$ cat structure18.txt   # compact mmCIF, C-alpha atoms
# COMPACT_ATOMS: atom_id res chain seq x y z
CA MET A 1 -23.97 29.58 40.79
CA LYS A 2 -24.85 29.21 37.12
CA PHE A 3 -21.23 29.77 36.14
CA GLU A 4 -20.09 27.17 38.67
CA LYS A 5 -22.55 24.69 37.20
CA VAL A 6 -21.35 25.34 33.66
CA PHE A 7 -17.76 25.01 34.75
CA LEU A 8 -18.53 21.75 36.56
CA VAL A 9 -20.30 20.21 33.57
CA PHE A 10 -17.49 21.22 31.22
CA THR A 11 -14.94 19.75 33.59
CA ILE A 12 -16.88 16.50 33.80
CA CYS A 13 -17.17 16.34 29.99
CA ILE A 14 -13.47 17.01 29.43
CA PHE A 15 -12.56 14.51 32.12
CA THR A 16 -14.85 11.90 30.59
CA CYS A 17 -13.39 12.50 27.13
CA SER A 18 -9.88 12.16 28.53
CA VAL A 19 -10.68 8.91 30.30
CA LEU A 20 -12.36 7.47 27.23
CA THR A 21 -9.57 8.44 24.88
CA ALA A 22 -7.05 7.04 27.36
CA ALA A 23 -9.05 3.84 27.25
CA GLY A 24 -8.45 3.70 23.51
CA LEU A 25 -11.47 5.55 22.16
CA ARG A 26 -10.75 8.18 19.48
CA PHE A 27 -11.70 11.77 20.11
CA GLY A 28 -13.97 12.79 17.24
CA MET A 29 -14.53 10.91 14.01
CA THR A 30 -11.46 12.59 12.57
CA GLY A 31 -9.49 11.03 15.42
CA ALA A 32 -10.64 7.60 14.29
CA ILE A 33 -9.78 8.41 10.68
CA LYS A 34 -6.38 9.73 11.71
CA GLN A 35 -5.59 6.41 13.33
CA LYS A 36 -6.68 4.53 10.21
CA VAL A 37 -4.63 6.81 7.95
CA VAL A 38 -1.53 5.83 9.94
CA GLU A 39 -2.37 2.16 9.35
CA LEU A 40 -3.04 2.83 5.67
CA ASP A 41 0.28 4.67 5.34
CA LYS A 42 2.03 1.54 6.56
CA LYS A 43 0.11 -0.70 4.16
CA VAL A 44 0.98 1.55 1.22
CA VAL A 45 4.67 1.55 2.15
CA ASP A 46 4.66 -2.24 2.53
CA LYS A 47 2.95 -2.65 -0.84
CA ASN A 48 5.45 -0.37 -2.52
CA LYS A 49 8.31 -2.33 -1.00
CA GLU A 50 6.89 -5.52 -2.49
CA LYS A 51 6.67 -3.80 -5.84
CA ILE A 52 10.26 -2.56 -5.71
CA VAL A 53 11.89 -5.85 -4.73
CA ALA A 54 10.35 -7.61 -7.71
CA PRO A 55 12.98 -8.91 -10.15
CA THR A 56 13.91 -6.40 -12.80
CA THR A 57 16.17 -6.08 -15.76
CA PRO A 58 18.12 -2.87 -15.31
CA GLY A 59 18.34 -0.61 -18.34
CA ASP A 60 21.26 -0.19 -20.70
CA GLY A 61 24.55 -0.92 -18.98
CA THR A 62 25.45 -2.64 -15.78
CA GLY A 63 26.32 0.24 -13.53
CA ARG A 64 29.67 1.99 -13.29
CA ASP A 65 32.44 0.36 -15.37
CA GLY A 66 30.24 -2.64 -16.00
CA LEU A 67 30.76 -3.76 -12.41
CA GLY A 68 27.42 -2.95 -10.88
CA ALA A 69 23.70 -2.95 -11.41
CA GLY A 70 21.53 -0.33 -13.05
CA PRO A 71 22.26 1.97 -15.96
CA VAL A 72 25.66 3.31 -16.93
CA PRO A 73 26.34 6.61 -15.17
CA VAL A 74 25.44 9.94 -16.73
CA VAL A 75 28.55 11.62 -18.10
CA LEU A 76 28.89 15.06 -16.56
CA GLY A 77 31.94 16.16 -18.56
CA THR A 78 33.49 19.32 -17.19
CA ALA A 79 30.28 20.07 -15.29
CA GLY A 80 31.70 17.50 -12.91
CA ASN A 81 34.38 20.04 -11.96
CA TYR A 82 31.73 21.99 -10.04
CA VAL A 83 29.74 21.13 -6.95
CA ILE A 84 27.31 23.93 -7.86
CA LEU A 85 26.81 25.16 -11.41
CA SER A 86 24.10 27.61 -12.40
CA LYS A 87 23.15 29.63 -15.44
CA SER A 88 21.43 32.50 -13.64
CA GLY A 89 22.91 32.77 -10.17
CA ILE A 90 23.87 31.29 -6.83
CA SER A 91 22.76 32.97 -3.62
CA THR A 92 23.33 32.08 0.00
CA ILE A 93 22.16 33.26 3.35
CA PRO A 94 25.32 32.80 5.44
CA THR A 95 26.71 30.68 6.69
CA SER A 96 26.86 27.83 4.20
CA ALA A 97 29.71 25.34 3.92
CA ILE A 98 30.44 24.31 0.35
CA THR A 99 33.13 21.83 -0.57
CA GLY A 100 34.07 22.07 -4.24
CA ASN A 101 34.08 24.69 -6.98
CA ILE A 102 31.02 26.73 -7.83
CA GLY A 103 30.34 28.59 -11.07
CA VAL A 104 27.80 30.76 -12.88
CA SER A 105 27.43 31.28 -16.61
CA PRO A 106 26.24 33.02 -18.72
CA ILE A 107 25.37 35.36 -15.89
CA ALA A 108 28.31 37.38 -14.58
CA ALA A 109 29.68 37.51 -11.04
CA ILE A 110 26.79 39.77 -10.09
CA GLY A 111 24.76 36.56 -9.99
CA ILE A 112 26.73 35.33 -6.98
CA THR A 113 25.36 36.82 -3.77
CA GLY A 114 25.91 36.30 -0.07
CA PHE A 115 29.40 34.87 -0.36
CA SER A 116 31.50 38.03 0.25
CA GLU A 117 34.01 36.62 -2.21
CA ALA A 118 37.49 38.06 -2.79
CA MET A 119 39.04 38.04 -6.27
CA ASP A 120 42.29 36.13 -6.80
CA VAL A 121 45.20 38.09 -8.24
CA SER A 122 44.83 36.11 -11.47
CA ASN A 123 41.29 37.44 -11.88
CA GLN A 124 40.33 33.95 -13.04
CA PHE A 125 38.47 32.98 -9.86
CA SER A 126 37.53 34.28 -6.46
CA ILE A 127 37.45 32.70 -3.03
CA ALA A 128 35.18 32.92 0.01
CA THR A 129 35.18 31.55 3.52
CA GLN A 130 31.98 29.64 2.81
CA VAL A 131 33.55 27.80 -0.14
CA THR A 132 36.32 25.25 0.17
CA GLY A 133 37.20 25.59 -3.49
CA ARG A 134 37.01 28.29 -6.12
CA ILE A 135 34.27 30.56 -7.35
CA TYR A 136 33.99 31.11 -11.11
CA ALA A 137 31.86 33.55 -13.11
CA ALA A 138 31.42 34.27 -16.80
CA ASP A 139 33.00 37.71 -16.59
CA TYR A 140 36.24 36.58 -14.95
CA ALA A 141 39.54 36.54 -16.86
CA VAL A 142 40.27 33.94 -19.53
CA PRO A 143 40.11 30.96 -19.69
CA THR A 144 37.28 31.01 -17.13
CA PRO A 145 34.48 32.16 -19.50
CA ALA A 146 35.24 29.46 -22.07
CA ASN A 147 35.60 26.83 -19.38
CA LEU A 148 32.23 27.77 -17.94
CA THR A 149 30.55 27.77 -21.35
CA THR A 150 31.81 24.23 -21.90
CA ALA A 151 30.76 23.15 -18.41
CA VAL A 152 27.24 24.54 -18.83
CA SER A 153 26.96 22.87 -22.22
CA ASN A 154 28.08 19.59 -20.66
CA MET A 155 25.51 20.09 -17.88
CA GLU A 156 22.73 20.50 -20.44
CA THR A 157 23.92 17.45 -22.34
CA ALA A 158 23.98 15.44 -19.13
CA TYR A 159 20.43 16.57 -18.33
CA THR A 160 19.19 15.50 -21.76
CA ASN A 161 21.07 12.22 -21.54
CA ALA A 162 19.59 11.42 -18.11
CA ALA A 163 16.09 12.31 -19.29
CA GLY A 164 16.39 10.06 -22.32
CA ARG A 165 17.37 6.80 -20.62
CA ALA A 166 15.01 3.85 -20.86
CA ALA A 167 13.15 3.43 -17.59
CA ASP A 168 13.17 0.23 -15.57
CA PHE A 169 10.45 1.40 -13.21
CA THR A 170 7.66 3.86 -13.89
CA GLU A 171 5.37 5.75 -11.55
CA ILE A 172 6.57 3.96 -8.44
CA GLY A 173 4.46 5.02 -5.46
CA ALA A 174 2.47 7.36 -7.72
CA GLY A 175 5.10 10.04 -7.17
CA ASN A 176 5.65 9.37 -3.48
CA ILE A 177 8.64 7.22 -2.52
CA GLY A 178 8.64 7.92 1.20
CA GLY A 179 9.63 4.87 3.22
CA MET A 180 10.79 2.87 0.23
CA THR A 181 14.06 1.03 -0.33
CA LEU A 182 15.06 1.32 -3.98
CA PRO A 183 17.58 -0.89 -5.79
CA ALA A 184 19.71 0.41 -8.68
CA GLY A 185 17.87 1.24 -11.87
CA THR A 186 16.25 3.99 -13.91
CA TYR A 187 13.05 5.35 -12.40
CA LYS A 188 10.59 7.55 -14.24
CA TRP A 189 7.63 9.65 -13.09
CA GLY A 190 5.27 11.64 -15.28
CA THR A 191 4.44 13.76 -12.25
CA SER A 192 6.26 15.49 -9.43
CA LEU A 193 8.19 13.37 -6.94
CA LEU A 194 7.74 13.74 -3.19
CA ILE A 195 9.91 12.27 -0.45
CA PRO A 196 7.82 12.85 2.70
CA THR A 197 9.69 10.29 4.81
CA ASP A 198 13.16 8.77 4.62
CA VAL A 199 13.98 6.85 1.45
CA THR A 200 16.82 4.35 1.15
CA LEU A 201 18.90 3.62 -1.93
CA SER A 202 20.34 0.16 -1.47
CA GLY A 203 23.17 -1.12 -3.60
CA GLY A 204 26.91 -1.45 -4.03
CA PRO A 205 29.57 1.14 -4.88
CA ASN A 206 29.24 0.48 -8.62
CA ASP A 207 25.44 0.46 -8.75
CA VAL A 208 23.78 3.41 -10.51
CA TRP A 209 20.42 5.14 -10.02
CA ILE A 210 18.79 7.58 -12.44
CA PHE A 211 15.56 9.30 -11.41
CA GLN A 212 13.61 10.99 -14.20
CA ILE A 213 11.04 13.44 -12.86
CA SER A 214 8.63 15.33 -15.11
CA GLY A 215 7.58 17.75 -12.37
CA ASP A 216 9.08 19.04 -9.15
CA LEU A 217 11.35 17.16 -6.76
CA THR A 218 10.70 17.78 -3.06
CA ILE A 219 12.08 16.25 0.09
CA ALA A 220 10.24 17.17 3.28
CA ALA A 221 11.77 18.85 6.30
CA ALA A 222 14.16 16.76 8.37
CA LYS A 223 13.84 13.76 6.05
CA ASN A 224 16.75 11.89 4.50
CA VAL A 225 17.94 10.09 1.43
CA ILE A 226 19.87 7.22 2.97
CA LEU A 227 22.50 5.16 1.15
CA SER A 228 23.06 1.56 2.19
CA GLY A 229 25.27 -1.30 1.04
CA GLY A 230 28.08 0.98 -0.12
CA ALA A 231 26.06 3.06 -2.61
CA LEU A 232 27.83 6.29 -3.58
CA PRO A 233 26.36 9.74 -4.28
CA LYS A 234 28.41 10.09 -7.50
CA ASN A 235 26.35 7.24 -8.97
CA ILE A 236 22.95 8.78 -8.22
CA PHE A 237 21.37 11.20 -10.72
CA TRP A 238 18.15 13.15 -10.09
CA GLN A 239 16.89 14.70 -13.36
CA ALA A 240 14.02 17.09 -12.64
CA PHE A 241 12.11 19.10 -15.21
CA GLY A 242 10.55 21.20 -12.47
CA ALA A 243 11.85 22.94 -9.39
CA VAL A 244 13.89 21.09 -6.78
CA SER A 245 13.36 21.84 -3.11
CA LEU A 246 15.20 20.42 -0.11
CA ASP A 247 13.18 21.48 2.91
CA THR A 248 14.59 22.56 6.24
CA THR A 249 17.35 20.27 7.60
CA ALA A 250 16.62 17.57 5.01
CA HIS A 251 19.59 15.51 3.82
CA PHE A 252 20.03 14.54 0.20
CA GLU A 253 22.43 12.32 -1.75
CA GLY A 254 23.32 12.46 -5.43
CA VAL A 255 23.74 14.71 -8.43
CA ILE A 256 20.76 16.97 -9.08
CA LEU A 257 20.25 17.96 -12.72
CA SER A 258 17.47 20.53 -12.78
CA GLN A 259 15.87 22.26 -15.73
CA THR A 260 14.89 25.08 -13.40
CA ALA A 261 15.68 26.22 -9.86
CA ILE A 262 17.21 24.35 -6.95
CA THR A 263 16.36 25.63 -3.48
CA LEU A 264 17.88 24.42 -0.23
CA ASN A 265 15.96 25.64 2.80
CA THR A 266 17.56 26.41 6.13
CA GLY A 267 20.02 23.78 7.25
CA ALA A 268 19.45 21.32 4.40
CA THR A 269 22.51 19.30 3.40
CA ILE A 270 23.60 17.32 0.35
CA ASN A 271 26.40 15.01 -0.62
CA GLY A 272 26.35 15.51 -4.38
CA ARG A 273 26.07 18.31 -6.91
CA LEU A 274 23.59 21.05 -7.66
CA LEU A 275 23.52 21.57 -11.43
CA SER A 276 20.79 24.03 -12.32
CA GLN A 277 19.77 25.59 -15.61
CA THR A 278 18.40 28.57 -13.69
CA ALA A 279 19.25 29.59 -10.10
CA VAL A 280 20.53 27.87 -6.97
CA THR A 281 19.35 29.30 -3.64
CA LEU A 282 21.08 28.36 -0.39
CA ASP A 283 20.27 29.13 3.24
CA SER A 284 22.93 28.04 5.71
CA ASN A 285 23.50 24.71 3.97
CA THR A 286 26.24 22.14 3.70
CA VAL A 287 27.04 21.03 0.16
CA VAL A 288 29.78 18.45 -0.31
CA GLN A 289 30.90 17.19 -3.70
CA PRO A 290 31.09 13.42 -4.11
CA ALA A 291 34.41 11.65 -3.90
CA PRO A 292 35.74 10.79 -7.39
CA MET B 1 -7.68 -2.76 25.81
CA LYS B 2 -10.79 -4.10 24.06
CA THR B 3 -12.31 -5.00 27.43
CA GLN B 4 -11.62 -1.47 28.70
CA LYS B 5 -13.44 -0.03 25.71
CA LEU B 6 -16.46 -2.22 26.26
CA VAL B 7 -16.56 -1.37 29.98
CA CYS B 8 -16.44 2.35 29.18
CA LEU B 9 -19.19 1.93 26.62
CA PHE B 10 -21.36 0.01 29.08
CA LEU B 11 -20.85 2.58 31.85
CA GLY B 12 -21.66 5.42 29.50
CA CYS B 13 -24.85 3.82 28.30
CA SER B 14 -25.85 3.01 31.89
CA LEU B 15 -25.60 6.70 32.79
CA LEU B 16 -28.42 7.42 30.38
CA PHE B 17 -30.87 5.40 32.42
CA LEU B 18 -29.70 6.09 35.97
CA ALA B 19 -30.31 9.84 36.11
CA PRO B 20 -33.57 11.18 37.62
CA VAL B 21 -36.47 12.05 35.32
CA VAL B 22 -37.78 15.61 35.05
CA TYR B 23 -37.74 17.77 31.92
CA GLY B 24 -36.45 18.25 28.31
CA GLU B 25 -35.96 21.31 26.16
CA VAL B 26 -36.32 20.61 22.43
CA VAL B 27 -39.39 20.38 20.20
CA LYS B 28 -40.22 19.89 16.55
CA GLY B 29 -38.90 22.69 14.36
CA ASP B 30 -35.98 23.66 16.61
CA ILE B 31 -32.75 24.54 14.85
CA GLY B 32 -29.41 24.26 16.58
CA LEU B 33 -25.88 25.27 15.74
CA GLY B 34 -23.20 23.04 17.22
CA LEU B 35 -19.48 23.22 17.79
CA ASN B 36 -18.07 19.73 18.00
CA TYR B 37 -14.44 18.81 18.19
CA PRO B 38 -13.03 19.49 15.63
CA GLY B 39 -15.87 20.94 13.51
CA VAL B 40 -19.34 22.38 13.29
CA GLY B 41 -22.86 21.13 12.68
CA VAL B 42 -26.39 22.34 12.09
CA ARG B 43 -29.26 20.40 13.62
CA TYR B 44 -32.97 20.40 12.81
CA PHE B 45 -35.67 18.68 14.85
CA LEU B 46 -38.02 16.74 12.58
CA SER B 47 -40.14 15.92 15.63
CA ASP B 48 -39.86 16.18 19.42
CA LYS B 49 -37.83 13.00 19.42
CA ILE B 50 -35.95 13.00 16.12
CA SER B 51 -33.36 15.41 14.81
CA LEU B 52 -31.06 15.45 11.82
CA GLU B 53 -27.64 17.09 11.87
CA LEU B 54 -25.43 18.14 8.97
CA LYS B 55 -21.83 18.18 10.22
CA SER B 56 -18.34 18.87 9.03
CA GLN B 57 -14.94 18.37 10.64
CA SER B 58 -11.36 19.09 9.67
CA GLU B 59 -8.13 18.01 11.30
CA ASN B 60 -4.60 17.15 10.12
CA ASN B 61 -5.30 16.95 6.37
CA ILE B 62 -8.58 15.13 7.06
CA ILE B 63 -11.81 16.72 5.89
CA LEU B 64 -15.08 15.08 6.76
CA GLY B 65 -18.72 15.82 6.01
CA GLY B 66 -21.82 13.85 6.89
CA PHE B 67 -25.11 13.42 8.65
CA ARG B 68 -26.16 12.42 12.14
CA GLY B 69 -29.59 11.20 13.04
CA TYR B 70 -30.65 11.51 16.70
CA TRP B 71 -33.39 9.73 18.59
CA TYR B 72 -34.13 11.38 21.95
CA PHE B 73 -35.30 9.34 24.92
CA ARG B 74 -37.38 10.45 27.86
CA PRO B 75 -35.90 13.67 29.29
CA ILE B 76 -34.12 13.50 32.62
CA LYS B 77 -34.30 16.94 34.27
CA THR B 78 -32.23 19.15 31.98
CA ILE B 79 -30.56 16.16 30.41
CA LEU B 80 -31.62 14.58 27.14
CA PRO B 81 -30.39 11.04 26.60
CA PHE B 82 -30.11 10.12 22.97
CA ALA B 83 -28.90 7.51 20.55
CA GLY B 84 -28.34 7.68 16.85
CA VAL B 85 -26.38 6.90 13.74
CA GLU B 86 -23.78 8.86 11.80
CA VAL B 87 -22.65 8.50 8.20
CA ASP B 88 -19.72 10.52 6.81
CA TYR B 89 -17.68 10.94 3.69
CA ALA B 90 -14.04 11.84 4.28
CA SER B 91 -11.01 12.83 2.29
CA PHE B 92 -7.55 12.48 3.77
CA LYS B 93 -3.85 12.91 3.07
CA GLY B 94 -1.32 10.98 5.11
CA ASN B 95 2.44 10.73 4.89
CA ASN B 96 2.28 8.03 2.25
CA SER B 97 -1.38 7.76 1.37
CA GLU B 98 -4.09 9.98 0.01
CA GLY B 99 -7.68 9.23 -0.82
CA THR B 100 -11.24 9.11 0.39
CA GLY B 101 -13.41 6.97 2.59
CA ILE B 102 -16.66 6.55 4.43
CA THR B 103 -17.47 6.09 8.08
CA GLY B 104 -20.50 4.92 9.97
CA GLU B 105 -21.15 5.12 13.69
CA VAL B 106 -23.81 4.05 16.14
CA PHE B 107 -23.68 6.24 19.21
CA ALA B 108 -25.38 6.98 22.50
CA GLY B 109 -24.97 9.96 24.75
CA ILE B 110 -26.47 12.80 26.72
CA GLU B 111 -27.19 16.46 26.08
CA HIS B 112 -27.33 18.80 29.07
CA PHE B 113 -29.02 22.20 28.95
CA PHE B 114 -27.61 25.07 31.02
CA VAL B 115 -30.35 27.32 29.73
CA LYS B 116 -33.06 26.69 27.14
CA SER B 117 -30.88 27.81 24.26
CA PHE B 118 -27.51 26.40 25.26
CA SER B 119 -26.34 22.85 25.86
CA VAL B 120 -23.36 20.56 25.88
CA GLN B 121 -23.41 16.99 24.62
CA LEU B 122 -21.24 13.97 25.02
CA ASP B 123 -21.64 10.72 23.14
CA PHE B 124 -19.65 7.70 22.11
CA GLY B 125 -20.00 4.48 20.23
CA PRO B 126 -18.46 2.04 17.76
CA ALA B 127 -17.62 3.32 14.28
CA ILE B 128 -16.71 1.55 11.08
CA VAL B 129 -13.99 3.39 9.17
CA SER B 130 -13.26 2.48 5.55
CA LEU B 131 -10.47 4.33 3.73
CA THR B 132 -8.87 3.74 0.33
CA ASP B 133 -5.57 5.10 -0.97
CA LYS B 134 -6.14 6.32 -4.51
CA GLY B 135 -2.54 5.67 -5.62
CA SER B 136 -2.18 2.05 -4.59
CA SER B 137 -5.84 1.08 -4.09
CA GLU B 138 -4.85 -0.22 -0.67
CA SER B 139 -7.62 0.10 1.88
CA VAL B 140 -8.39 -0.26 5.57
CA ASN B 141 -11.76 -1.27 7.00
CA ASP B 142 -11.88 -1.48 10.74
CA LEU B 143 -13.79 -0.76 13.91
CA GLU B 144 -12.90 2.17 16.16
CA TYR B 145 -14.57 3.51 19.27
CA VAL B 146 -15.25 7.22 19.08
CA VAL B 147 -16.10 9.80 21.74
CA ASN B 148 -17.64 13.12 20.66
CA PHE B 149 -18.01 16.32 22.63
CA GLY B 150 -19.97 19.34 21.45
CA ILE B 151 -21.58 22.61 22.43
CA ASN B 152 -24.98 23.54 20.96
CA TYR B 153 -26.89 26.77 20.58
CA TYR B 154 -30.61 26.62 19.73
CA PHE B 155 -32.19 29.53 17.90
CA GLY B 156 -35.41 31.16 18.98
CA LYS B 157 -35.40 29.88 22.56
CA LYS B 158 -35.64 32.18 25.57
$ encode --input "structure18.txt" --output "structure tokens"
Amino acid sequence: MKFEKVFLVFTICIFTCSVLTAAGLRFGMTGAIKQKVVELDKKVVDKNKEKIVAPTTPGDGTGRDGLGAGPVPVVLGTAGNYVILSKSGISTIPTSAITGNIGVSPIAAIGITGFSEAMDVSNQFSIATQVTGRIYAADYAVPTPANLTTAVSNMETAYTNAAGRAADFTEIGAGNIGGMTLPAGTYKWGTSLLIPTDVTLSGGPNDVWIFQISGDLTIAAAKNVILSGGALPKNIFWQAFGAVSLDTTAHFEGVILSQTAITLNTGATINGRLLSQTAVTLDSNTVVQPAP
Amino acid sequence: MKTQKLVCLFLGCSLLFLAPVVYGEVVKGDIGLGLNYPGVGVRYFLSDKISLELKSQSENNIILGGFRGYWYFRPIKTILPFAGVEVDYASFKGNNSEGTGITGEVFAGIEHFFVKSFSVQLDFGPAIVSLTDKGSSESVNDLEYVVNFGINYYFGKK
């Protein structure tokens, strides 16, 4: 009898809570706060949009070939011959789909794992089913080692060049650009940069974006960098001093120049390049080099 | 929707005064431990009619801590009608915002005792929620209607 009474009272309480919440009441004070956080999120995004669309004078240059907006592009040199270039290794959990050449240097071919590559008869490169292109390592036959040394040097120069550009915008969104639409320009953060919701880069095919990030670069799971108005991934440069992480099934656009590691979690995809001064870690990803 | 909320609030408050009168279970000095969705609280009875509760809740990157003051009305059998106020300090992290805020609520409800040491309570009322994003200084200040459900255990009762 006592148990039946307890059960009845609980049922009545749960039913009452359900009816009241259905009527628009929030369940618990945290429920009320949760609703207000959603509204505040929207206000923050709207405010950031206002900030971004303010007139600006893009930094040195007027985009690619002087035909667009934003800075002149970062020169990749022979690093631009690789869709993935790493100094300490490239690993993949199959099956990834990579379009373009990949290379490691100064580490030898032992730094390439998970590709099941097969050496070409020339001993200058290897191939693998996961790579639509060639695989290069520092211990392959000449001229591969010298070519890789030059490419890595060019990658480091490109990183330094990107980091040194004069910024048009600083600390936009306090390190959180989720939901924003960004025009061409050079953006700088003294912190890490987070992309928790989709971000749009809006501009023409000759417009250029450079993102200078003092900390880590992270895009959340299943979120996207979206290009609109004809913007091209070859004109987008993400220079990160810290680690770069593309979370599960996220989609990214642009050339990543990282001082440290680049990690793509399961199913993440990118149209661009992964140029890392340490390691690149893949997990069933799609990496496509930008059209020239 | 606003009319629905007000009707629910009115009906809930009416329940407090329609139930038959018999007996209540708490006295000065009682200490109770409560589980309320989604958190916990500790309650102390300053007198037979007044108690103070220290509470904390956590949900979806929201952490909240605060006080509730209860005023108990005439007992109705094993049911204690009450009204009170709540003040909280909260920290939160949303998709695009992060910061702190304060909340204040005026509530009314009932507490039902199964045995002398164990009860459930249900209350609701209007709450002011004020949050500020620390990055942009954007803020929201608005009224919400909140329903709370909790289970209480009182120490030293047999």
$ interface_residues --input "structure18.txt" --of "chain B" --to "chain A" --cutoff "8 Å" --atoms "only C-alpha atoms" --output "ChimeraX atom specification"
/B:1,4-5,8,37-38,57-60,62-64,92-97,114,120,122,129,131-133,135-136,138-140,142,144-149
$ atom_distance --input "structure18.txt" --atom1 "atom CA of B:Gly39" --atom2 "atom CA of B:Gly66"
11.4 Å
$ closest_residue --input "structure18.txt" --among "B:Leu35, B:Ala127, B:Val106, B:Val85" --to "B:Ser51" --atoms "only C-alpha atoms"
B:Val85
$ closest_residue --input "structure18.txt" --among "A:Thr11, A:Asn285, A:Ser126, A:Asn81" --to "A:Gly100" --atoms "only C-alpha atoms"
A:Asn81
$ residues_around --input "structure18.txt" --residues "A:Ile93" --least-positions-apart "5" --cutoff "8 Å" --atoms "all atoms listed in the file" --output "JSON, numbers by chain"
{"A": [114, 282, 283, 284]}
$ residues_around --input "structure18.txt" --residues "A:Met119" --least-positions-apart "6" --cutoff "9 Å" --atoms "all atoms listed in the file" --output "PyMOL selection string"
chain A and resi 125-128+135
$ atom_distance --input "structure18.txt" --atom1 "atom CA of A:Thr95" --atom2 "atom CA of A:Gln239"
27.5 Å
$ residues_around --input "structure18.txt" --residues "A:Thr129" --least-positions-apart "6" --cutoff "10 Å" --atoms "only C-alpha atoms" --output "PyMOL selection string"
chain A and resi 95-98+115-118
$ residues_around --input "structure18.txt" --residues "B:Gly109" --least-positions-apart "5" --cutoff "6 Å" --atoms "only C-alpha atoms" --output "CSV table (one decimal) with C-alpha atoms, in the coordinates of the input"
chain,number,residue,atom,x,y,z
B,81,PRO,CA,-30.4,11.0,26.6
B,82,PHE,CA,-30.1,10.1,23.0
B,122,LEU,CA,-21.2,14.0,25.0
B,123,ASP,CA,-21.6,10.7,23.1
$ atom_distance --input "structure18.txt" --atom1 "atom CA of A:Ile102" --atom2 "atom CA of A:Gly185"
29.0 Å
$ closest_residue --input "structure18.txt" --among "B:Ile110, B:Pro75, B:Glu105, B:Lys134" --to "B:Ser91" --atoms "only C-alpha atoms"
B:Lys134
$ residues_around --input "structure18.txt" --residues "B:Gly65" --least-positions-apart "6" --cutoff "10 Å" --atoms "all atoms listed in the file" --output "list in words"
Gly39, Val40, Gly41, Leu54, Lys55, Ser56, Gln57, Ser58, Val87, Asp88, Tyr89, Ala90, Ser91 and Ile102 of chain B
$ closest_residue --input "structure18.txt" --among "A:Val104, A:Ala261, A:Ala184, A:Ala240" --to "A:Ser228" --atoms "all atoms listed in the file"
A:Ala184
$ closest_residue --input "structure18.txt" --among "A:Asn154, A:Thr181, A:Asn206, A:Thr263" --to "A:Thr92" --atoms "only C-alpha atoms"
A:Thr263
